[in-house]
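J.: Below you'll find the structure I mean.
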Amino acid sequence: MFCKASLITVALALIAAASPVQENSGIRIPLAKRSSLTNEDGTFNREKAIISTVNTINKHRANLINLEKNVGRQAFKEGAEIKPLATLADFNLTKRQNEPLTDEEDDLEWAGTISIGTPAQKFLIDFDTGSSDLWVPSSSCRSSTCSSKKKYTASSSSTSSKKSGSFQIQYGDGSTVSGPVYTDTVNVAGVTVKNQYFSPVTTLSSSFANDPIDGLLGLAYPAISNLNQNPFFNTAIQQGAVSEGVFAFKLASSGSELYLGGTDSKLYTGSIEFHDVDTSTGFWQITGAKAYVGSKAAVSNFETIIDSGTTIMYGPPSAVKTLYASVSGSKVYDSENGYYSYPCNSPPTVAFSWGGKKWTISAANFNLGETESGSGQCVGALAGQDIGLGNNVWLLGDSFMKNVYTVFSFDDDAVGFATLA
């Protein structure tokens, strides 16, 4: 979430230089890069990682609150619970105001530009498969955090319409993102929908102070929408703005893109291996997973949520402990936050499978950096943390998605993986 303000210019330049391209029936959207949780000297940034964890816990806490409100507790997986709001103090961190933790180059979300309103008002947006609402700052926002953001002015849009209700998300530093509810025309790289529900927020969490993004666009199911409305892509399907109810991500250090309305065949090889989603939860949640260390299945028969808005991977603490027990030379690095280390010179080969191919995480993507300079022990990108999503539910974020081409299909209620080209 934290990065130097000067990088805003870099992000916008990158996106401007690579405008959306239409290919076949879909639209390619180049995305700016998000960095790892690694310092410039190659060491693990523990503070930044904890902040990321707190934000992840609270995002999915909000999702469960929305799921209970929209569907009911019967949709909760066994062991799922709405936990108390996680705070930085819970993790022995204090609020840092607007000060970046480190000199974090390229610390961007997977961001691209969208427009809202008539005429178009442009915003830099984080695309998140782990949530289901669209929000941007409002011209009425008085939070200091809004000062550096692009802001939506309802009165300047001829297609704007105010609705009843309100929107709110809480963050671990005690701040919130909240605002009224509107509908308007939304355009994402040429995919245009009318009367899209969103919130032009009037309070903006200080968590976003050093973040170049203006807002967020959720790509999960309507069941976890705080607004209890169709997310953007579901509206696009409903209105016939895309020819297929499919979108796909390539996340990498370069050449990242979101593709709307199908898949970009130039970015993967071979066939796409699809797996059915348990749609009752509102997440892109796949059952029947196995986690491998080398050729050995270390943990079996669990569920996984594929979440582009989460930086690393999380599993239930006991299951993650079992996995690391199969990693030679591994040890507990941070018991409170569920991090483990392993010898940097012999990284484990960790892979996930849902009954087909084993999808391996590269050594680079599994490595969050040395515990300290010269220690020879590196922190793994899988942490044991009870996010509240259920006893048997793992959360696979960017550390997993960067190794595969990931396809999300509303048409078939499935997630697919393919080998990167």
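Residue numbering restarts at 1 in every chain; chains get A, B, ... in the order shown in the structure tokens, and ligands count up from 1 in that same order.
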List the neighbours of segment 46-50 of chain A out to 8 Å using only C-alpha atoms; skip same-chain residues closer than 2 positions along the sequence, and give me the result as a ChimeraX atom specification.

T.: /A:37,44,52-54,88,91,93,101,337

J.: Take the residues just selected and output them with all heavy atoms as a PDB file, in the first residue's frame.

T.:
ATOM      1  N   LEU A  37       7.489  -7.899  -1.066  1.00  0.00           N
ATOM      2  CA  LEU A  37       7.690  -7.366   0.284  1.00  0.00           C
ATOM      3  C   LEU A  37       9.172  -7.415   0.646  1.00  0.00           C
ATOM      4  O   LEU A  37       9.538  -7.682   1.783  1.00  0.00           O
ATOM      5  CB  LEU A  37       6.867  -8.182   1.290  1.00  0.00           C
ATOM      6  CG  LEU A  37       5.361  -8.202   1.020  1.00  0.00           C
ATOM      7  CD1 LEU A  37       4.652  -9.132   2.008  1.00  0.00           C
ATOM      8  CD2 LEU A  37       4.774  -6.812   1.094  1.00  0.00           C
ATOM      9  N   PHE A  44      13.842  -9.090   3.976  1.00  0.00           N
ATOM     10  CA  PHE A  44      12.399  -9.119   4.136  1.00  0.00           C
ATOM     11  C   PHE A  44      11.927  -7.883   4.899  1.00  0.00           C
ATOM     12  O   PHE A  44      12.465  -7.534   5.943  1.00  0.00           O
ATOM     13  CB  PHE A  44      12.028 -10.390   4.917  1.00  0.00           C
ATOM     14  CG  PHE A  44      10.580 -10.512   5.283  1.00  0.00           C
ATOM     15  CD1 PHE A  44       9.592 -10.490   4.316  1.00  0.00           C
ATOM     16  CD2 PHE A  44      10.202 -10.695   6.616  1.00  0.00           C
ATOM     17  CE1 PHE A  44       8.249 -10.638   4.664  1.00  0.00           C
ATOM     18  CE2 PHE A  44       8.875 -10.837   6.971  1.00  0.00           C
ATOM     19  CZ  PHE A  44       7.893 -10.807   5.995  1.00  0.00           C
ATOM     20  N   SER A  52       0.348  -5.404   5.202  1.00  0.00           N
ATOM     21  CA  SER A  52      -0.353  -6.110   4.138  1.00  0.00           C
ATOM     22  C   SER A  52      -1.286  -7.168   4.714  1.00  0.00           C
ATOM     23  O   SER A  52      -2.430  -7.326   4.263  1.00  0.00           O
ATOM     24  CB  SER A  52       0.660  -6.746   3.181  1.00  0.00           C
ATOM     25  OG  SER A  52       0.013  -7.465   2.161  1.00  0.00           O
ATOM     26  N   THR A  53      -0.818  -7.898   5.732  1.00  0.00           N
ATOM     27  CA  THR A  53      -1.631  -8.927   6.381  1.00  0.00           C
ATOM     28  C   THR A  53      -2.856  -8.310   7.053  1.00  0.00           C
ATOM     29  O   THR A  53      -3.978  -8.819   6.922  1.00  0.00           O
ATOM     30  CB  THR A  53      -0.805  -9.704   7.414  1.00  0.00           C
ATOM     31  OG1 THR A  53       0.237 -10.423   6.744  1.00  0.00           O
ATOM     32  CG2 THR A  53      -1.668 -10.701   8.186  1.00  0.00           C
ATOM     33  N   VAL A  54      -2.649  -7.220   7.784  1.00  0.00           N
ATOM     34  CA  VAL A  54      -3.764  -6.550   8.460  1.00  0.00           C
ATOM     35  C   VAL A  54      -4.811  -6.115   7.439  1.00  0.00           C
ATOM     36  O   VAL A  54      -6.023  -6.320   7.633  1.00  0.00           O
ATOM     37  CB  VAL A  54      -3.264  -5.345   9.285  1.00  0.00           C
ATOM     38  CG1 VAL A  54      -4.424  -4.473   9.753  1.00  0.00           C
ATOM     39  CG2 VAL A  54      -2.458  -5.824  10.492  1.00  0.00           C
ATOM     40  N   LEU A  88      -3.106  -2.519  13.592  1.00  0.00           N
ATOM     41  CA  LEU A  88      -1.641  -2.600  13.601  1.00  0.00           C
ATOM     42  C   LEU A  88      -1.133  -2.894  15.003  1.00  0.00           C
ATOM     43  O   LEU A  88      -0.117  -3.572  15.181  1.00  0.00           O
ATOM     44  CB  LEU A  88      -1.047  -1.296  13.071  1.00  0.00           C
ATOM     45  CG  LEU A  88      -1.427  -0.928  11.633  1.00  0.00           C
ATOM     46  CD1 LEU A  88      -0.742   0.370  11.228  1.00  0.00           C
ATOM     47  CD2 LEU A  88      -1.069  -2.037  10.667  1.00  0.00           C
ATOM     48  N   PHE A  91      -0.622  -6.421  15.993  1.00  0.00           N
ATOM     49  CA  PHE A  91       0.585  -7.044  15.442  1.00  0.00           C
ATOM     50  C   PHE A  91       1.848  -6.297  15.896  1.00  0.00           C
ATOM     51  O   PHE A  91       2.895  -6.373  15.264  1.00  0.00           O
ATOM     52  CB  PHE A  91       0.493  -7.072  13.911  1.00  0.00           C
ATOM     53  CG  PHE A  91      -0.585  -7.975  13.394  1.00  0.00           C
ATOM     54  CD1 PHE A  91      -1.909  -7.551  13.361  1.00  0.00           C
ATOM     55  CD2 PHE A  91      -0.298  -9.255  12.957  1.00  0.00           C
ATOM     56  CE1 PHE A  91      -2.907  -8.374  12.891  1.00  0.00           C
ATOM     57  CE2 PHE A  91      -1.296 -10.088  12.482  1.00  0.00           C
ATOM     58  CZ  PHE A  91      -2.611  -9.651  12.452  1.00  0.00           C
ATOM     59  N   LEU A  93       2.539  -3.158  15.809  1.00  0.00           N
ATOM     60  CA  LEU A  93       2.955  -2.049  14.955  1.00  0.00           C
ATOM     61  C   LEU A  93       2.093  -0.850  15.300  1.00  0.00           C
ATOM     62  O   LEU A  93       0.940  -0.988  15.702  1.00  0.00           O
ATOM     63  CB  LEU A  93       2.763  -2.380  13.473  1.00  0.00           C
ATOM     64  CG  LEU A  93       3.800  -3.246  12.782  1.00  0.00           C
ATOM     65  CD1 LEU A  93       3.475  -3.314  11.300  1.00  0.00           C
ATOM     66  CD2 LEU A  93       5.196  -2.710  12.966  1.00  0.00           C
ATOM     67  N   LEU A 101       7.454   3.277   4.568  1.00  0.00           N
ATOM     68  CA  LEU A 101       8.293   2.457   5.438  1.00  0.00           C
ATOM     69  C   LEU A 101       9.708   2.349   4.899  1.00  0.00           C
ATOM     70  O   LEU A 101      10.667   2.318   5.642  1.00  0.00           O
ATOM     71  CB  LEU A 101       7.689   1.057   5.564  1.00  0.00           C
ATOM     72  CG  LEU A 101       6.336   0.993   6.297  1.00  0.00           C
ATOM     73  CD1 LEU A 101       5.815  -0.423   6.256  1.00  0.00           C
ATOM     74  CD2 LEU A 101       6.493   1.467   7.733  1.00  0.00           C
ATOM     75  N   ASN A 337       3.115 -13.966  13.476  1.00  0.00           N
ATOM     76  CA  ASN A 337       2.534 -13.625  12.179  1.00  0.00           C
ATOM     77  C   ASN A 337       2.593 -14.758  11.163  1.00  0.00           C
ATOM     78  O   ASN A 337       2.196 -14.580  10.009  1.00  0.00           O
ATOM     79  CB  ASN A 337       3.226 -12.382  11.627  1.00  0.00           C
ATOM     80  CG  ASN A 337       2.996 -11.179  12.526  1.00  0.00           C
ATOM     81  OD1 ASN A 337       1.866 -10.742  12.699  1.00  0.00           O
ATOM     82  ND2 ASN A 337       4.054 -10.662  13.133  1.00  0.00           N
TER      83      ASN A 337
END

J.: At a cut-off of 12 Å, using only C-alpha atoms, what residues contact Gly329 of chain A? Leave out same-chain residues fewer than 6 positions from it and give the result as a count of residues only.

T.: 12

J.: Counting only C-alpha atoms, what is within 8 Å of Val188 of chain A, bar same-chain residues fewer than 6 positions away, as an NGL selection string?

T.: :A and (113-115)

J.: Write a file of the selected residues as an mmCIF file, in the first residue's frame, keeping N, CA, C and O atoms.

T.:
data_model
loop_
_atom_site.group_PDB
_atom_site.id
_atom_site.type_symbol
_atom_site.label_atom_id
_atom_site.label_comp_id
_atom_site.auth_asym_id
_atom_site.auth_seq_id
_atom_site.Cartn_x
_atom_site.Cartn_y
_atom_site.Cartn_z
ATOM 1 N N THR A 113 -6.133 2.262 -15.934
ATOM 2 C CA THR A 113 -7.026 3.424 -15.934
ATOM 3 C C THR A 113 -8.450 3.025 -16.319
ATOM 4 O O THR A 113 -8.658 2.149 -17.161
ATOM 5 N N ILE A 114 -9.424 3.703 -15.702
ATOM 6 C CA ILE A 114 -10.821 3.577 -16.071
ATOM 7 C C ILE A 114 -11.394 4.996 -16.134
ATOM 8 O O ILE A 114 -10.744 5.956 -15.706
ATOM 9 N N SER A 115 -12.608 5.120 -16.651
ATOM 10 C CA SER A 115 -13.288 6.413 -16.605
ATOM 11 C C SER A 115 -14.705 6.224 -16.105
ATOM 12 O O SER A 115 -15.324 5.170 -16.299
#

J.: Per DSSP on the backbone, filter segment 159-283 of chain A down to the residues in alpha helix (DSSP H) and report them as a PDB file with N, CA and C atoms, in the first residue's frame.

T.:
ATOM      1  N   PHE A 232     -18.743  -4.424 -11.648  1.00  0.00           N
ATOM      2  CA  PHE A 232     -18.600  -3.914 -13.014  1.00  0.00           C
ATOM      3  C   PHE A 232     -18.668  -5.015 -14.067  1.00  0.00           C
ATOM      4  N   PHE A 233     -17.882  -6.083 -13.906  1.00  0.00           N
ATOM      5  CA  PHE A 233     -17.798  -7.077 -14.981  1.00  0.00           C
ATOM      6  C   PHE A 233     -19.111  -7.838 -15.133  1.00  0.00           C
ATOM      7  N   ASN A 234     -19.829  -8.076 -14.027  1.00  0.00           N
ATOM      8  CA  ASN A 234     -21.128  -8.724 -14.114  1.00  0.00           C
ATOM      9  C   ASN A 234     -22.132  -7.836 -14.848  1.00  0.00           C
ATOM     10  N   THR A 235     -22.039  -6.523 -14.616  1.00  0.00           N
ATOM     11  CA  THR A 235     -22.883  -5.586 -15.359  1.00  0.00           C
ATOM     12  C   THR A 235     -22.541  -5.625 -16.840  1.00  0.00           C
ATOM     13  N   ALA A 236     -21.241  -5.707 -17.144  1.00  0.00           N
ATOM     14  CA  ALA A 236     -20.806  -5.779 -18.547  1.00  0.00           C
ATOM     15  C   ALA A 236     -21.382  -7.014 -19.232  1.00  0.00           C
ATOM     16  N   ILE A 237     -21.396  -8.141 -18.519  1.00  0.00           N
ATOM     17  CA  ILE A 237     -21.988  -9.364 -19.084  1.00  0.00           C
ATOM     18  C   ILE A 237     -23.481  -9.161 -19.312  1.00  0.00           C
ATOM     19  N   GLN A 238     -24.159  -8.627 -18.303  1.00  0.00           N
ATOM     20  CA  GLN A 238     -25.605  -8.432 -18.363  1.00  0.00           C
ATOM     21  C   GLN A 238     -26.010  -7.512 -19.501  1.00  0.00           C
TER      22      GLN A 238
END

J.: Can you tell me which residues surround Ser160 of chain A at a distance of at most 7 Å, considering only C-alpha atoms, apart from same-chain residues fewer than 5 positions away, and format the answer as JSON, numbers by chain?

T.: {"A": [117, 154, 182, 183, 184]}

J.: May I have the residues from that selection written out with C-alpha atoms, as a JSON list (two decimals), in the first residue's frame?

T.:
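The new file result.json reads:
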[["chain", "number", "residue", "atom", "x", "y", "z"],
["A", 117, "GLY", "CA", -19.26, 9.66, -16.06],
["A", 154, "ALA", "CA", -21.16, 13.98, -9.69],
["A", 182, "TYR", "CA", -24.29, 6.49, -7.08],
["A", 183, "THR", "CA", -24.76, 4.98, -10.50],
["A", 184, "ASP", "CA", -23.03, 6.23, -13.64]]

J.: With the cut-off set at 10 Å and counting only C-alpha atoms, tabulate each residue of segment 250-344 of chain A with an atom at most that distance from an atom of segment 59-66 of chain A, showing the nearest atom pair and its distance in Å to one decimal, ordered by chain and increasing number, as JSON lines.

T.:
{"residue": "A:Thr281", "atom": "CA", "partner": "A:Leu64", "partner_atom": "CA", "distance": 8.8}
{"residue": "A:Gly282", "atom": "CA", "partner": "A:Asn63", "partner_atom": "CA", "distance": 8.6}
{"residue": "A:Phe283", "atom": "CA", "partner": "A:Asn63", "partner_atom": "CA", "distance": 9.1}
{"residue": "A:Gly309", "atom": "CA", "partner": "A:Lys59", "partner_atom": "CA", "distance": 9.4}
{"residue": "A:Thr310", "atom": "CA", "partner": "A:Lys59", "partner_atom": "CA", "distance": 9.6}

J.: List the spatial neighbours of Asp398 of chain A as an NGL selection string - criterion: any atom at most 10 Å away, only C-alpha atoms, same-chain residues fewer than 2 positions off excluded.

T.: :A and (34-36 or 110 or 251-252 or 306-313 or 365 or 381 or 396 or 400-403)
